[in-house]
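Here's the structure we're looking at; comments come further down.
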2 protein chains.
Amino acid sequence: MIVEDEELICNELSKLLENNNYEAVILKDFKNALNEILEVSPDLILLDINIPFINGEALLQNLRKESNIPVIMVTSINSETDEALSISYGADDYITKPYNPNILLLRIGAVLKRTKTNYNTNGNDLTYKELKFDCQKGIIKKDDIEIELTKNEMIIFSYLLNHQNKIVTREELMTTLWDNSEYVNENALTVNISRLRNKLKEIGYEDAIDTRKGLGYILS
Amino acid sequence: MIVEDEELICNELSKLLENNNYEAVILKDFKNALNEILEVSPDLILLDINIPFINGEALLQNLRKESNIPVIMVTSINSETDEALSISYGADDYITKPYNPNILLLRIGAVLKRTKTNYNTNGNDLTYKELKFDCQKGIIKKDDIEIELTKNEMIIFSYLLNHQNKIVTREELMTTLWDNSEYVNENALTVNISRLRNKLKEIGYEDAIDTRKGLGYILS
DNA sequence: TTCTAATGTTACAAAACTGTAAGGTTAAAT
DNA sequence: ATTTAACCTTACAGTTTTGTAACATTAGAA
């Protein structure tokens with residue numbers, strides 16, 4: 001979605017975008033911008049700071065209260081103040097006019113790429129060496145093999161993947177799995193680790209989770 | 001982690017960072033950069049493109065094969081080529097020397113903020129109105145109430161949350177849940193939706209998932 | 001080398017999860 | 001108003017998940 005008042009730029013932009021397989025929508029009613037944005041729910045917004053009737057930064061700030069739609073701020077002047085404000089208010093990137101079309105496309109691609117994990121359908125993959133872990137569905141993929149993890153296994157493996165090359169204590173894992181439930185047997189974790197290791201073994205990663213006796217586990 | 005050869009800048013940077021409650025590490029051995037980075041496993045890297053012995057862009061490219069550690073590229077010249085390359089190779093942001101310290105700090109903050117969901121311990125929360133959903137553990141939180149979801153319910157709810165205000169077809173959900181397994185009863189989805197709705201009802205969100213007959217469901 | 005706390009393995013039963021079927025309800029088109 | 005396909009609810013049983021306990025193994029200190 002393009003939020004911009006200069007018609008010439010709007011047209012240029014939407015042509016550029018559509019030539020590159022994006023679907024472009026131009027916001028017309030600036031007075032009702034927030035509602036329109038939320039209604040359309042675009043995948044990304046190109047937001048000019050200087051639009052009539054409304055302050056671009058304030059709009060961004062209000063939008064952020066309700067949505068994480070990625071926003072690239074566009075501004076005419078290369079003022080550092082604007083840049084600082086936009087980033088702290090939640091813009092995902094920032095570009096100054098006049099822009100190089102290729103750079104703009106790259107930045108759009110980059111923003112979409114890095115936000116899609118939170119925002120989009122797929123792309124919830126964590127990686128470890130040659131394998132991918134869809135932490136939404138709990139499926140480990142290697143080549144054409146898929147292994148399903150149980151909920152406990154998912155939690156442990158996600159945690160380890162998010163702390164690769166760092167020692168993770170047993171206590172950390174227990175807290176992550178069961179919060180403060182006192183009644184849980186210490187050994188329950190050991191058993192769950194064991195079960196996860198068995199599944200990793202099926203795809204040749206039997207040594208992925210290393211025990212550091214007295215310290216914890218490490219994925220390295 | 002600071003990857004930069006000019007000692008003066010290194011010192012300035014690490015002072016700036018430490019004054020702002022970051023822990024700064026300076027990379028010394030450029031020849032072994034990739035290994036050192038992976039070993040230290042910093043939360044963010046400030047990477048100068050022009051460092052001795054190794055090409056900054058190539059380093060980034062190699063790093064990206066093994067890790068998603070956030071990288072802010074630093075460059076002396078304001079060349080668009082560099083910018084374009086860095087973004088497409090996977091830099092999370094880009095800044096040119098000489099930089100304004102405040103801007104740098106803001107950019108660091110912004111990058112950490114937007115990457116932490118994928119990368120960090122916590123922050124796996126999706127939100128919907130007054131409730132939070134820890135999509136790693138599958139727990140819905142509202143006020144002090146917590147509701148545990150089963151794996152199927154997690155998958156459905158995550159999907160809906162990631163497509164708020166958009167109609168999600170039954171087919172989309174079925175594919176997300178069971179891929180192409182032909183044997184699954186159409187009704188299985190309906191039952192799972194029903195079960196999820198019952199749990200949402202417990203915290204007063206009985207109308208959260210709306211049916212659009214013939215089209216699908218919508219979380220709005 | 002010996003000892004011991006830390007960690008691992010296995011089997012089992014209770015609990016939770018999940019697809020199915022059978023029958024009920026609803027909304028939209030005619 | 002009637003019809004009907006789309007969707008919902010409930011109960012049930014097969015399956016999976018999970019904590020426990022009992023015993024086995026191991027790494028590192030002494």
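Each chain in the structure tokens gets a letter, A, B, ..., in the order shown, and its residues are numbered from 1; ligands are numbered from 1 in order too.
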
Could I get the residues of chain B with an atom no further than 12 Å from an atom of chain D, each paired with its nearest atom pair and that distance in Å to one decimal, using only C-alpha atoms (C1' of nucleotides), sorted by chain and residue number, as a Markdown table?
```
| residue | atom | partner | partner_atom | distance |
| --- | --- | --- | --- | --- |
| B:Thr150 | CA | D:DT17 | C1' | 11.1 |
| B:Lys151 | CA | D:DT17 | C1' | 11.3 |
| B:Arg170 | CA | D:DC7 | C1' | 11.0 |
| B:Glu186 | CA | D:DC7 | C1' | 10.7 |
| B:Asn187 | CA | D:DC7 | C1' | 9.0 |
| B:Ala188 | CA | D:DC8 | C1' | 11.6 |
| B:Leu189 | CA | D:DC7 | C1' | 10.6 |
| B:Thr190 | CA | D:DC8 | C1' | 7.4 |
| B:Val191 | CA | D:DC8 | C1' | 8.0 |
| B:Asn192 | CA | D:DC8 | C1' | 10.9 |
| B:Ile193 | CA | D:DC8 | C1' | 9.6 |
| B:Ser194 | CA | D:DC8 | C1' | 7.4 |
| B:Arg195 | CA | D:DT9 | C1' | 9.9 |
| B:Arg197 | CA | D:DC8 | C1' | 11.2 |
| B:Asn198 | CA | D:DT9 | C1' | 11.1 |
| B:Asp210 | CA | D:DC7 | C1' | 11.8 |
| B:Thr211 | CA | D:DC7 | C1' | 8.6 |
| B:Arg212 | CA | D:DC7 | C1' | 10.0 |
| B:Lys213 | CA | D:DA6 | C1' | 6.7 |
| B:Gly214 | CA | D:DA6 | C1' | 6.8 |
| B:Leu215 | CA | D:DA6 | C1' | 10.0 |
| B:Gly216 | CA | D:DC7 | C1' | 10.3 |
| B:Tyr217 | CA | D:DC7 | C1' | 11.1 |
```

Please identify all residues of chain C having at least one atom at most 10 Å from any atom of chain A, considering only C-alpha atoms (C1' of nucleotides), and return them as a PyMOL selection string. chain C and resi 5-9

DSSP on the backbone, then: every residue of stretch 7-219 of chain A marked strand (DSSP E or B), written as a ChimeraX atom specification. /A:26,45-48,50-51,54-55,71-75,93-96,125-128,131-134,139-142,145-148,168,209-212,216-219

How would the residues just chosen look if you wrote them out with N, CA and C atoms as a short mmCIF file (atom, residue, chain, number, x, y, z; two decimals), in the first residue's frame?
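Final output, saved to selection_1.cif:
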```
data_model
loop_
_atom_site.label_atom_id
_atom_site.label_comp_id
_atom_site.auth_asym_id
_atom_site.auth_seq_id
_atom_site.Cartn_x
_atom_site.Cartn_y
_atom_site.Cartn_z
N ILE A 26 -3.20 2.24 -3.72
CA ILE A 26 -2.88 3.61 -3.33
C ILE A 26 -3.94 4.10 -2.35
N ILE A 45 3.53 -1.33 3.93
CA ILE A 45 3.11 0.05 3.64
C ILE A 45 4.32 0.91 3.32
N LEU A 46 4.24 1.66 2.21
CA LEU A 46 5.22 2.71 1.93
C LEU A 46 4.59 4.02 2.39
N LEU A 47 5.10 4.56 3.46
CA LEU A 47 4.43 5.70 4.09
C LEU A 47 5.26 6.97 4.00
N ASP A 48 4.75 7.94 3.27
CA ASP A 48 5.42 9.24 3.19
C ASP A 48 5.17 9.99 4.50
N ASN A 50 5.44 13.21 4.90
CA ASN A 50 4.77 14.48 4.65
C ASN A 50 3.54 14.30 3.77
N ILE A 51 2.45 13.94 4.39
CA ILE A 51 1.20 13.84 3.65
C ILE A 51 0.22 14.85 4.23
N ILE A 54 -2.60 14.89 7.87
CA ILE A 54 -2.23 14.02 8.97
C ILE A 54 -0.72 13.91 9.05
N ASN A 55 -0.22 13.71 10.24
CA ASN A 55 1.22 13.59 10.43
C ASN A 55 1.63 12.13 10.28
N VAL A 71 6.23 -1.35 7.78
CA VAL A 71 6.16 0.01 7.23
C VAL A 71 7.54 0.47 6.81
N ILE A 72 7.65 0.96 5.58
CA ILE A 72 8.86 1.65 5.14
C ILE A 72 8.54 3.13 5.04
N MET A 73 9.24 3.93 5.81
CA MET A 73 9.01 5.36 5.81
C MET A 73 9.70 5.99 4.61
N VAL A 74 9.01 6.89 3.94
CA VAL A 74 9.57 7.62 2.82
C VAL A 74 9.60 9.10 3.18
N THR A 75 10.72 9.74 2.95
CA THR A 75 10.78 11.16 3.29
C THR A 75 11.55 11.93 2.23
N ASP A 93 11.81 0.17 8.05
CA ASP A 93 12.93 0.69 7.29
C ASP A 93 12.60 2.11 6.89
N TYR A 94 13.49 2.70 6.17
CA TYR A 94 13.47 4.13 5.96
C TYR A 94 14.17 4.40 4.64
N ILE A 95 13.59 5.23 3.83
CA ILE A 95 14.25 5.56 2.56
C ILE A 95 13.97 7.02 2.22
N THR A 96 14.93 7.68 1.58
CA THR A 96 14.74 9.09 1.26
C THR A 96 14.49 9.28 -0.22
N ASP A 125 10.63 -21.33 9.93
CA ASP A 125 11.68 -22.32 10.04
C ASP A 125 12.88 -21.81 10.82
N LEU A 126 13.31 -22.62 11.76
CA LEU A 126 14.62 -22.44 12.38
C LEU A 126 15.53 -23.45 11.70
N THR A 127 16.82 -23.13 11.62
CA THR A 127 17.71 -24.07 10.95
C THR A 127 18.82 -24.53 11.88
N TYR A 128 19.26 -25.74 11.63
CA TYR A 128 20.42 -26.28 12.32
C TYR A 128 21.15 -27.18 11.34
N LEU A 131 19.41 -29.26 8.60
CA LEU A 131 17.98 -29.49 8.81
C LEU A 131 17.20 -28.22 9.11
N LYS A 132 15.92 -28.29 8.82
CA LYS A 132 15.02 -27.18 9.09
C LYS A 132 13.96 -27.63 10.07
N PHE A 133 13.58 -26.74 10.94
CA PHE A 133 12.56 -27.07 11.92
C PHE A 133 11.42 -26.07 11.81
N ASP A 134 10.28 -26.56 11.39
CA ASP A 134 9.09 -25.72 11.36
C ASP A 134 8.52 -25.69 12.77
N ILE A 139 7.68 -29.81 12.98
CA ILE A 139 8.19 -30.82 12.05
C ILE A 139 9.64 -30.53 11.69
N ILE A 140 10.50 -31.54 11.85
CA ILE A 140 11.88 -31.42 11.43
C ILE A 140 12.00 -31.98 10.02
N LYS A 141 12.65 -31.20 9.15
CA LYS A 141 12.81 -31.66 7.76
C LYS A 141 14.27 -31.78 7.42
N LYS A 142 14.63 -32.91 6.83
CA LYS A 142 15.97 -33.04 6.27
C LYS A 142 15.85 -33.80 4.97
N ILE A 145 12.98 -36.25 4.29
CA ILE A 145 12.47 -36.91 5.50
C ILE A 145 11.83 -35.88 6.42
N GLU A 146 10.70 -36.23 6.98
CA GLU A 146 10.06 -35.35 7.96
C GLU A 146 9.83 -36.11 9.26
N ILE A 147 10.13 -35.45 10.35
CA ILE A 147 9.91 -36.07 11.65
C ILE A 147 9.02 -35.16 12.48
N GLU A 148 7.99 -35.75 13.04
CA GLU A 148 7.08 -34.96 13.87
C GLU A 148 7.52 -35.00 15.31
N VAL A 168 22.71 -24.55 27.74
CA VAL A 168 21.37 -24.34 28.27
C VAL A 168 21.23 -25.22 29.50
N ILE A 209 22.66 -32.93 20.29
CA ILE A 209 22.51 -32.40 21.65
C ILE A 209 23.59 -33.00 22.53
N ASP A 210 24.49 -32.16 22.96
CA ASP A 210 25.63 -32.61 23.73
C ASP A 210 25.37 -32.35 25.22
N THR A 211 25.74 -33.32 26.05
CA THR A 211 25.59 -33.13 27.50
C THR A 211 26.84 -32.50 28.08
N ARG A 212 26.69 -31.44 28.83
CA ARG A 212 27.79 -30.87 29.59
C ARG A 212 27.49 -31.15 31.06
N GLY A 216 24.63 -28.50 31.77
CA GLY A 216 23.41 -28.49 30.98
C GLY A 216 23.61 -29.18 29.64
N TYR A 217 22.92 -28.68 28.62
CA TYR A 217 23.01 -29.25 27.28
C TYR A 217 23.45 -28.16 26.31
N ILE A 218 23.98 -28.59 25.18
CA ILE A 218 24.36 -27.60 24.16
C ILE A 218 24.13 -28.18 22.77
N LEU A 219 23.60 -27.33 21.91
CA LEU A 219 23.39 -27.69 20.51
C LEU A 219 24.48 -26.98 19.73
#
```

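Atom CA of A:Ala58 is found 13.6 Å from atom CA of A:Val3.
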
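Of the listed residues (A:Glu6, A:Lys137, A:Leu16, A:Leu200), A:Leu16 comes nearest to A:Asn100; the distances count only C-alpha atoms.
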